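S.K.: I am sharing final.cif, which consists of mmCIF, C-alpha atoms:
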data_input
loop_
_atom_site.label_atom_id
_atom_site.label_comp_id
_atom_site.auth_asym_id
_atom_site.auth_seq_id
_atom_site.Cartn_x
_atom_site.Cartn_y
_atom_site.Cartn_z
CA MET H 1 17.52 16.40 92.73
CA SER H 2 16.87 17.79 89.25
CA LEU H 3 16.78 21.54 88.77
CA LEU H 4 13.92 21.09 86.28
CA LYS H 5 11.70 18.03 86.01
CA LEU H 6 8.74 17.50 83.69
CA THR H 7 6.84 14.25 84.20
CA HIS H 8 4.06 12.96 81.92
CA VAL H 9 3.23 16.49 80.78
CA SER H 10 0.30 17.11 78.47
CA ALA H 11 -0.84 20.46 77.07
CA PHE H 12 -3.47 21.87 74.76
CA TYR H 13 -4.09 24.85 72.50
CA GLY H 14 -7.80 25.26 73.01
CA HIS H 15 -9.28 21.86 72.23
CA SER H 16 -6.24 20.69 70.25
CA GLN H 17 -3.79 18.56 72.18
CA ALA H 18 -0.15 19.42 71.45
CA LEU H 19 1.69 17.51 74.17
CA PHE H 20 0.69 14.02 75.24
CA ASP H 21 3.42 12.59 77.47
CA VAL H 22 6.60 14.65 77.82
CA ASP H 23 9.34 13.75 80.31
CA LEU H 24 12.36 16.02 80.69
CA SER H 25 14.87 16.64 83.46
CA VAL H 26 17.82 19.01 83.75
CA GLY H 27 20.39 19.05 86.52
CA GLU H 28 22.54 21.89 87.82
CA GLY H 29 25.34 22.58 85.33
CA GLU H 30 23.90 20.15 82.80
CA VAL H 31 23.16 20.78 79.11
CA VAL H 32 20.16 18.90 77.74
CA ALA H 33 19.34 18.88 74.04
CA MET H 34 15.65 18.81 73.10
CA MET H 35 15.30 17.46 69.60
CA GLY H 36 12.69 16.42 67.08
CA ARG H 37 11.31 17.27 63.68
CA ASN H 38 9.31 20.44 63.15
CA GLY H 39 5.88 20.43 64.78
CA MET H 40 6.66 17.69 67.29
CA GLY H 41 6.18 19.80 70.43
CA LYS H 42 9.56 21.30 71.23
CA SER H 43 8.49 24.96 71.32
CA THR H 44 5.29 24.00 73.11
CA THR H 45 7.38 22.28 75.79
CA VAL H 46 9.45 25.45 76.11
CA LYS H 47 6.25 27.42 76.66
CA VAL H 48 5.19 24.98 79.39
CA ILE H 49 8.58 25.26 81.11
CA CYS H 50 8.37 29.07 81.08
CA ARG H 51 4.64 29.03 81.99
CA LEU H 52 3.60 30.73 78.80
CA LEU H 53 1.26 27.76 78.36
CA ARG H 54 -0.32 25.74 81.16
CA ASN H 55 0.00 21.99 81.17
CA ARG H 56 -3.26 20.15 81.63
CA GLY H 57 -1.68 16.95 82.92
CA GLY H 58 1.55 15.82 84.53
CA SER H 59 3.85 17.83 86.75
CA VAL H 60 6.38 20.63 86.26
CA LEU H 61 8.90 21.08 89.08
CA PHE H 62 11.65 23.68 89.35
CA ASP H 63 14.14 23.08 92.15
CA GLY H 64 11.58 20.75 93.70
CA GLN H 65 8.78 23.34 93.65
CA ASP H 66 5.58 22.75 91.71
CA ILE H 67 5.35 25.72 89.35
CA ALA H 68 2.30 24.59 87.41
CA ARG H 69 0.08 27.33 88.83
CA LEU H 70 2.64 30.12 88.77
CA PRO H 71 2.49 32.93 86.18
CA ALA H 72 5.40 33.38 83.80
CA HIS H 73 6.88 36.41 85.58
CA ARG H 74 7.13 34.55 88.88
CA VAL H 75 8.84 31.59 87.22
CA ALA H 76 11.31 34.01 85.62
CA ARG H 77 12.06 35.42 89.08
CA LEU H 78 12.71 31.91 90.36
CA GLY H 79 15.54 31.69 87.83
CA VAL H 80 14.25 30.53 84.44
CA GLY H 81 15.70 32.56 81.57
CA LEU H 82 14.29 32.23 78.05
CA VAL H 83 15.95 32.96 74.72
CA PRO H 84 12.86 32.75 72.49
CA GLU H 85 12.73 31.53 68.93
CA GLY H 86 12.92 34.48 66.54
CA ARG H 87 15.02 36.65 68.96
CA ARG H 88 12.22 39.15 69.78
CA CYS H 89 14.41 42.04 70.84
CA PHE H 90 12.90 45.43 71.64
CA ARG H 91 13.72 46.90 68.25
CA ASP H 92 13.33 50.58 69.20
CA LEU H 93 15.50 50.30 72.31
CA THR H 94 19.28 50.43 72.25
CA VAL H 95 21.38 47.39 72.94
CA ARG H 96 22.14 48.67 76.43
CA GLU H 97 18.47 49.38 77.13
CA ASN H 98 17.52 45.87 75.98
CA LEU H 99 20.08 44.36 78.32
CA ILE H 100 19.09 46.30 81.41
CA ALA H 101 15.33 46.05 80.82
CA ALA H 102 14.99 42.84 82.84
CA ALA H 103 18.30 42.86 84.69
CA ARG H 104 18.58 41.38 88.17
CA ARG H 105 21.52 41.52 90.55
CA GLY H 106 24.12 38.82 90.09
CA ALA H 107 27.25 37.79 88.26
CA TRP H 108 25.74 38.52 84.88
CA ASP H 109 25.89 42.27 84.39
CA LEU H 110 26.75 44.49 81.41
CA PRO H 111 30.51 43.89 81.58
CA ALA H 112 30.03 40.11 81.86
CA VAL H 113 27.65 39.98 78.89
CA THR H 114 29.89 42.12 76.70
CA ARG H 115 32.86 39.93 77.57
CA LEU H 116 30.87 36.98 76.27
CA PHE H 117 29.74 38.93 73.19
CA PRO H 118 32.20 41.80 72.50
CA GLN H 119 30.11 42.91 69.51
CA LEU H 120 27.44 44.14 71.89
CA GLU H 121 29.88 46.56 73.53
CA ASP H 122 30.58 48.09 70.12
CA ARG H 123 26.82 48.39 69.44
CA LYS H 124 25.62 49.40 72.93
CA ASP H 125 24.15 52.74 71.80
CA GLN H 126 22.67 51.34 68.59
CA SER H 127 18.98 50.45 68.33
CA ALA H 128 18.36 46.72 68.30
CA GLY H 129 16.36 46.94 65.07
CA THR H 130 19.48 47.97 63.15
CA LEU H 131 21.56 44.97 64.26
CA SER H 132 22.31 41.98 62.09
CA GLY H 133 20.45 38.76 62.78
CA GLY H 134 23.46 37.30 64.54
CA GLU H 135 23.90 40.37 66.72
CA GLN H 136 20.22 40.29 67.63
CA GLN H 137 20.61 36.67 68.69
CA MET H 138 23.59 37.56 70.87
CA LEU H 139 21.50 40.36 72.35
CA ALA H 140 18.63 37.96 73.10
CA ILE H 141 21.01 35.59 74.88
CA GLY H 142 22.64 38.47 76.75
CA ARG H 143 19.24 39.80 77.83
CA ALA H 144 18.32 36.38 79.26
CA LEU H 145 21.65 36.16 81.07
CA MET H 146 21.08 39.59 82.63
CA THR H 147 18.21 38.04 84.60
CA ASN H 148 20.89 35.84 86.23
CA PRO H 149 19.01 32.58 85.63
CA ARG H 150 19.65 29.20 87.16
CA LEU H 151 18.16 27.58 84.05
CA LEU H 152 18.68 28.97 80.54
CA VAL H 153 16.32 27.81 77.78
CA LEU H 154 17.46 28.44 74.20
CA ASP H 155 14.80 27.84 71.56
CA GLU H 156 16.43 27.49 68.10
CA ALA H 157 19.21 29.91 69.02
CA THR H 158 21.25 29.26 65.85
CA GLU H 159 18.45 28.92 63.30
CA GLY H 160 18.87 31.02 60.16
CA LEU H 161 22.27 32.42 61.10
CA ALA H 162 25.44 32.49 59.01
CA PRO H 163 27.84 29.60 59.76
CA VAL H 164 30.47 31.86 61.37
CA VAL H 165 27.85 33.37 63.69
CA ARG H 166 26.46 29.95 64.52
CA GLN H 167 29.90 28.91 65.69
CA GLU H 168 30.13 32.01 67.89
CA ILE H 169 26.83 31.08 69.52
CA TRP H 170 27.92 27.49 70.09
CA ALA H 171 31.22 28.69 71.55
CA ALA H 172 29.29 30.97 73.95
CA ILE H 173 27.08 28.07 75.07
CA ALA H 174 30.19 25.96 75.64
CA ARG H 175 31.62 28.73 77.83
CA LEU H 176 28.41 28.92 79.83
CA LYS H 177 28.57 25.19 80.43
CA ALA H 178 32.24 25.30 81.44
CA GLU H 179 32.20 28.45 83.55
CA THR H 180 28.77 28.54 85.23
CA GLY H 181 26.63 26.16 87.22
CA MET H 182 23.42 26.90 85.37
CA GLY H 183 21.35 24.22 83.71
CA ILE H 184 20.79 24.70 79.98
CA VAL H 185 18.09 23.40 77.65
CA VAL H 186 19.00 23.72 73.97
CA VAL H 187 16.41 23.25 71.24
CA ASP H 188 18.29 22.82 67.97
CA LYS H 189 18.69 20.63 64.91
CA SER H 190 22.50 20.74 64.69
CA LEU H 191 23.33 17.23 65.84
CA LYS H 192 27.09 17.61 65.39
CA GLU H 193 27.25 20.67 67.64
CA LEU H 194 24.81 19.19 70.15
CA ARG H 195 26.90 16.04 70.49
CA ALA H 196 29.90 18.21 71.37
CA ILE H 197 28.16 20.20 74.10
CA ALA H 198 25.14 18.34 75.53
CA ASN H 199 25.22 15.81 78.35
CA ARG H 200 21.87 14.26 77.58
CA ALA H 201 19.11 14.46 74.96
CA VAL H 202 15.37 14.03 74.75
CA ILE H 203 13.63 13.45 71.42
CA LEU H 204 10.00 14.41 70.94
CA GLU H 205 7.69 12.74 68.44
CA LYS H 206 4.09 13.94 68.17
CA GLY H 207 4.16 15.56 71.60
CA THR H 208 5.68 12.55 73.36
CA SER H 209 9.17 11.84 74.69
CA VAL H 210 10.23 8.85 72.60
CA TRP H 211 13.91 8.73 73.52
CA VAL H 212 15.78 10.01 76.59
CA GLY H 213 19.38 9.32 77.45
CA ASP H 214 23.03 10.30 77.29
CA ILE H 215 23.70 11.99 73.98
CA SER H 216 26.70 9.70 73.47
CA ALA H 217 24.21 6.81 73.25
CA LEU H 218 22.22 8.46 70.45
CA SER H 219 22.63 6.00 67.58
CA HIS H 220 22.26 6.50 63.84
CA ASP H 221 19.19 4.25 63.89
CA ILE H 222 17.49 6.56 66.41
CA THR H 223 18.42 9.74 64.54
CA ASP H 224 17.28 8.23 61.23
CA ARG H 225 13.97 7.19 62.75
CA TYR H 226 13.07 10.34 64.66
CA LEU H 227 15.15 13.15 63.22
CA GLY H 228 15.49 12.23 59.58
CA ILE H 229 19.26 12.73 59.70
#
Please, can you express the file's structure as structure tokens?
M.R.:
Amino acid sequence: MSLLKLTHVSAFYGHSQALFDVDLSVGEGEVVAMMGRNGMGKSTTVKVICRLLRNRGGSVLFDGQDIARLPAHRVARLGVGLVPEGRRCFRDLTVRENLIAAARRGAWDLPAVTRLFPQLEDRKDQSAGTLSGGEQQMLAIGRALMTNPRLLVLDEATEGLAPVVRQEIWAAIARLKAETGMGIVVVDKSLKELRAIANRAVILEKGTSVWVGDISALSHDITDRYLGI
């Protein structure tokens, strides 16, 4: 059984339809890449998964449970951790305060997070607003991990970062895949890095899943058609 399963999902912003027919599944310990050009529905799908936006059609199941009517905080408690686009740290709180703000008991505690990102240990008493962009992204990932999720959703986690920091983030995701049993959804445009880490991929085009399969089967013709790569 899939940990997360979206079937024929549609969603609207007011009267404007953003998602038309999205299918997505993620298994325990599996990394799934969600791809597509800008404006094709990736972030909207993330909002539906995390219940920040209700789907109007289709079904959203987490561990076999229909979560369509649950509020976002209850879905988070079920084990869905979000690393939002744009980081969105609590700028006036320290690194430590950011990490413990939503902490839940489990394997991911302060020592575990700072082992994954040693820079955060060095900055633990520093306000988040004074961190570099890369450090803020590490903090956002660490904060999500502190909720001890079963599913981690990363929305453009490497966007706008320096190449060396991007590689640190990708290395951290690879460790999470290798060392934990959590499912991971990665929204990103870095096809080379996604091929190295993801098991499967789904491509969205105008709010519809147009390609789903093993990432090893993702051909140049498909990427040229839907991703412009």
S.K.: Would you work out the distance separating atom CA of H:Val187 from atom CA of H:Gln126, expressed in Å to one decimal?
M.R.: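 Between these atoms lies a distance of 28.9 Å.
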S.K.: Which one of H:Ala107, H:Leu191, H:Ala157, H:Leu227 sits closest to H:Leu204 if you count all atoms listed in the file?
M.R.: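 Using all atoms listed in the file, H:Leu204 sits closest to H:Leu227.
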S.K.: Have a look at H:Gly58, H:Gly14, H:Gly183, H:Gly207 and name the one nearest to H:Gly79; count all atoms listed in the file.
M.R.: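 Smallest distance to H:Gly79 is found for H:Gly183.
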S.K.: Counting all atoms listed in the file, which residues come within 7 Å of (14.4, 22.5, 67.7), with the point read in the file's coordinates, and could you list them as a ChimeraX atom specification?
M.R.: /H:34-36,42,155-156,187-189
S.K.: Restricted to C-alpha atoms, what would the selected residues look like written as a PDB file, in the frame of the given file?
M.R.:
ATOM      1  CA  MET H  34      15.650  18.810  73.100  1.00  0.00           C
ATOM      2  CA  MET H  35      15.300  17.460  69.600  1.00  0.00           C
ATOM      3  CA  GLY H  36      12.690  16.420  67.080  1.00  0.00           C
ATOM      4  CA  LYS H  42       9.560  21.300  71.230  1.00  0.00           C
ATOM      5  CA  ASP H 155      14.800  27.840  71.560  1.00  0.00           C
ATOM      6  CA  GLU H 156      16.430  27.490  68.100  1.00  0.00           C
ATOM      7  CA  VAL H 187      16.410  23.250  71.240  1.00  0.00           C
ATOM      8  CA  ASP H 188      18.290  22.820  67.970  1.00  0.00           C
ATOM      9  CA  LYS H 189      18.690  20.630  64.910  1.00  0.00           C
TER      10      LYS H 189
END
S.K.: Starting from the PyMOL selection byres ((chain H and resi 95) around 12), expand the selection into actual residues of this file and give them as a ChimeraX atom specification.
M.R.: /H:89-94,96-101,110,113-114,117,119-131,135-143
S.K.: Keeping only C-alpha atoms, write the selected residues as a PDB file, in the coordinates of the input.
M.R.:
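The file below, again-v8.pdb, is the result:
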ATOM      1  CA  CYS H  89      14.410  42.040  70.840  1.00  0.00           C
ATOM      2  CA  PHE H  90      12.900  45.430  71.640  1.00  0.00           C
ATOM      3  CA  ARG H  91      13.720  46.900  68.250  1.00  0.00           C
ATOM      4  CA  ASP H  92      13.330  50.580  69.200  1.00  0.00           C
ATOM      5  CA  LEU H  93      15.500  50.300  72.310  1.00  0.00           C
ATOM      6  CA  THR H  94      19.280  50.430  72.250  1.00  0.00           C
ATOM      7  CA  ARG H  96      22.140  48.670  76.430  1.00  0.00           C
ATOM      8  CA  GLU H  97      18.470  49.380  77.130  1.00  0.00           C
ATOM      9  CA  ASN H  98      17.520  45.870  75.980  1.00  0.00           C
ATOM     10  CA  LEU H  99      20.080  44.360  78.320  1.00  0.00           C
ATOM     11  CA  ILE H 100      19.090  46.300  81.410  1.00  0.00           C
ATOM     12  CA  ALA H 101      15.330  46.050  80.820  1.00  0.00           C
ATOM     13  CA  LEU H 110      26.750  44.490  81.410  1.00  0.00           C
ATOM     14  CA  VAL H 113      27.650  39.980  78.890  1.00  0.00           C
ATOM     15  CA  THR H 114      29.890  42.120  76.700  1.00  0.00           C
ATOM     16  CA  PHE H 117      29.740  38.930  73.190  1.00  0.00           C
ATOM     17  CA  GLN H 119      30.110  42.910  69.510  1.00  0.00           C
ATOM     18  CA  LEU H 120      27.440  44.140  71.890  1.00  0.00           C
ATOM     19  CA  GLU H 121      29.880  46.560  73.530  1.00  0.00           C
ATOM     20  CA  ASP H 122      30.580  48.090  70.120  1.00  0.00           C
ATOM     21  CA  ARG H 123      26.820  48.390  69.440  1.00  0.00           C
ATOM     22  CA  LYS H 124      25.620  49.400  72.930  1.00  0.00           C
ATOM     23  CA  ASP H 125      24.150  52.740  71.800  1.00  0.00           C
ATOM     24  CA  GLN H 126      22.670  51.340  68.590  1.00  0.00           C
ATOM     25  CA  SER H 127      18.980  50.450  68.330  1.00  0.00           C
ATOM     26  CA  ALA H 128      18.360  46.720  68.300  1.00  0.00           C
ATOM     27  CA  GLY H 129      16.360  46.940  65.070  1.00  0.00           C
ATOM     28  CA  THR H 130      19.480  47.970  63.150  1.00  0.00           C
ATOM     29  CA  LEU H 131      21.560  44.970  64.260  1.00  0.00           C
ATOM     30  CA  GLU H 135      23.900  40.370  66.720  1.00  0.00           C
ATOM     31  CA  GLN H 136      20.220  40.290  67.630  1.00  0.00           C
ATOM     32  CA  GLN H 137      20.610  36.670  68.690  1.00  0.00           C
ATOM     33  CA  MET H 138      23.590  37.560  70.870  1.00  0.00           C
ATOM     34  CA  LEU H 139      21.500  40.360  72.350  1.00  0.00           C
ATOM     35  CA  ALA H 140      18.630  37.960  73.100  1.00  0.00           C
ATOM     36  CA  ILE H 141      21.010  35.590  74.880  1.00  0.00           C
ATOM     37  CA  GLY H 142      22.640  38.470  76.750  1.00  0.00           C
ATOM     38  CA  ARG H 143      19.240  39.800  77.830  1.00  0.00           C
TER      39      ARG H 143
END
S.K.: In Å, with one decimal, what is the gap from atom CA of H:Arg51 to atom CA of H:Ser2?
M.R.: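 Distance between the two atoms: 18.1 Å.
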S.K.: Translate the PyMOL selection byres ((chain H and resi 57) around 6) into a concrete residue list for this structure, as a list in words.
M.R.: Val9, Ser10, Asn55, Arg56 and Gly58 of chain H
S.K.: Using Å and a single decimal, report how far atom CA of H:Trp211 sits from atom CA of H:Leu151.
M.R.: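 Separating atom CA of H:Leu151 from atom CA of H:Trp211 is a distance of 22.0 Å.
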S.K.: Considering all atoms listed in the file, state which residue in the set H:Gly27, H:Arg77, H:Thr44, H:Gly39 is at the smallest distance from H:Ala11.
M.R.: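 For H:Ala11, the nearest of the candidates is H:Thr44.
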S.K.: I'd like to know which of H:Arg105, H:Arg166, H:His15, H:Arg195 is closest to H:Thr147, using only C-alpha atoms.
M.R.: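 Of the candidates, the smallest distance to H:Thr147 is held by H:Arg105.
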S.K.: Pick out the closest residue to H:His73 from this set: H:His8, H:Ala102, H:Gln17, H:Ser219. Count only C-alpha atoms.
M.R.: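 Looking only at the distances to H:His73, the closest residue turns out to be H:Ala102.
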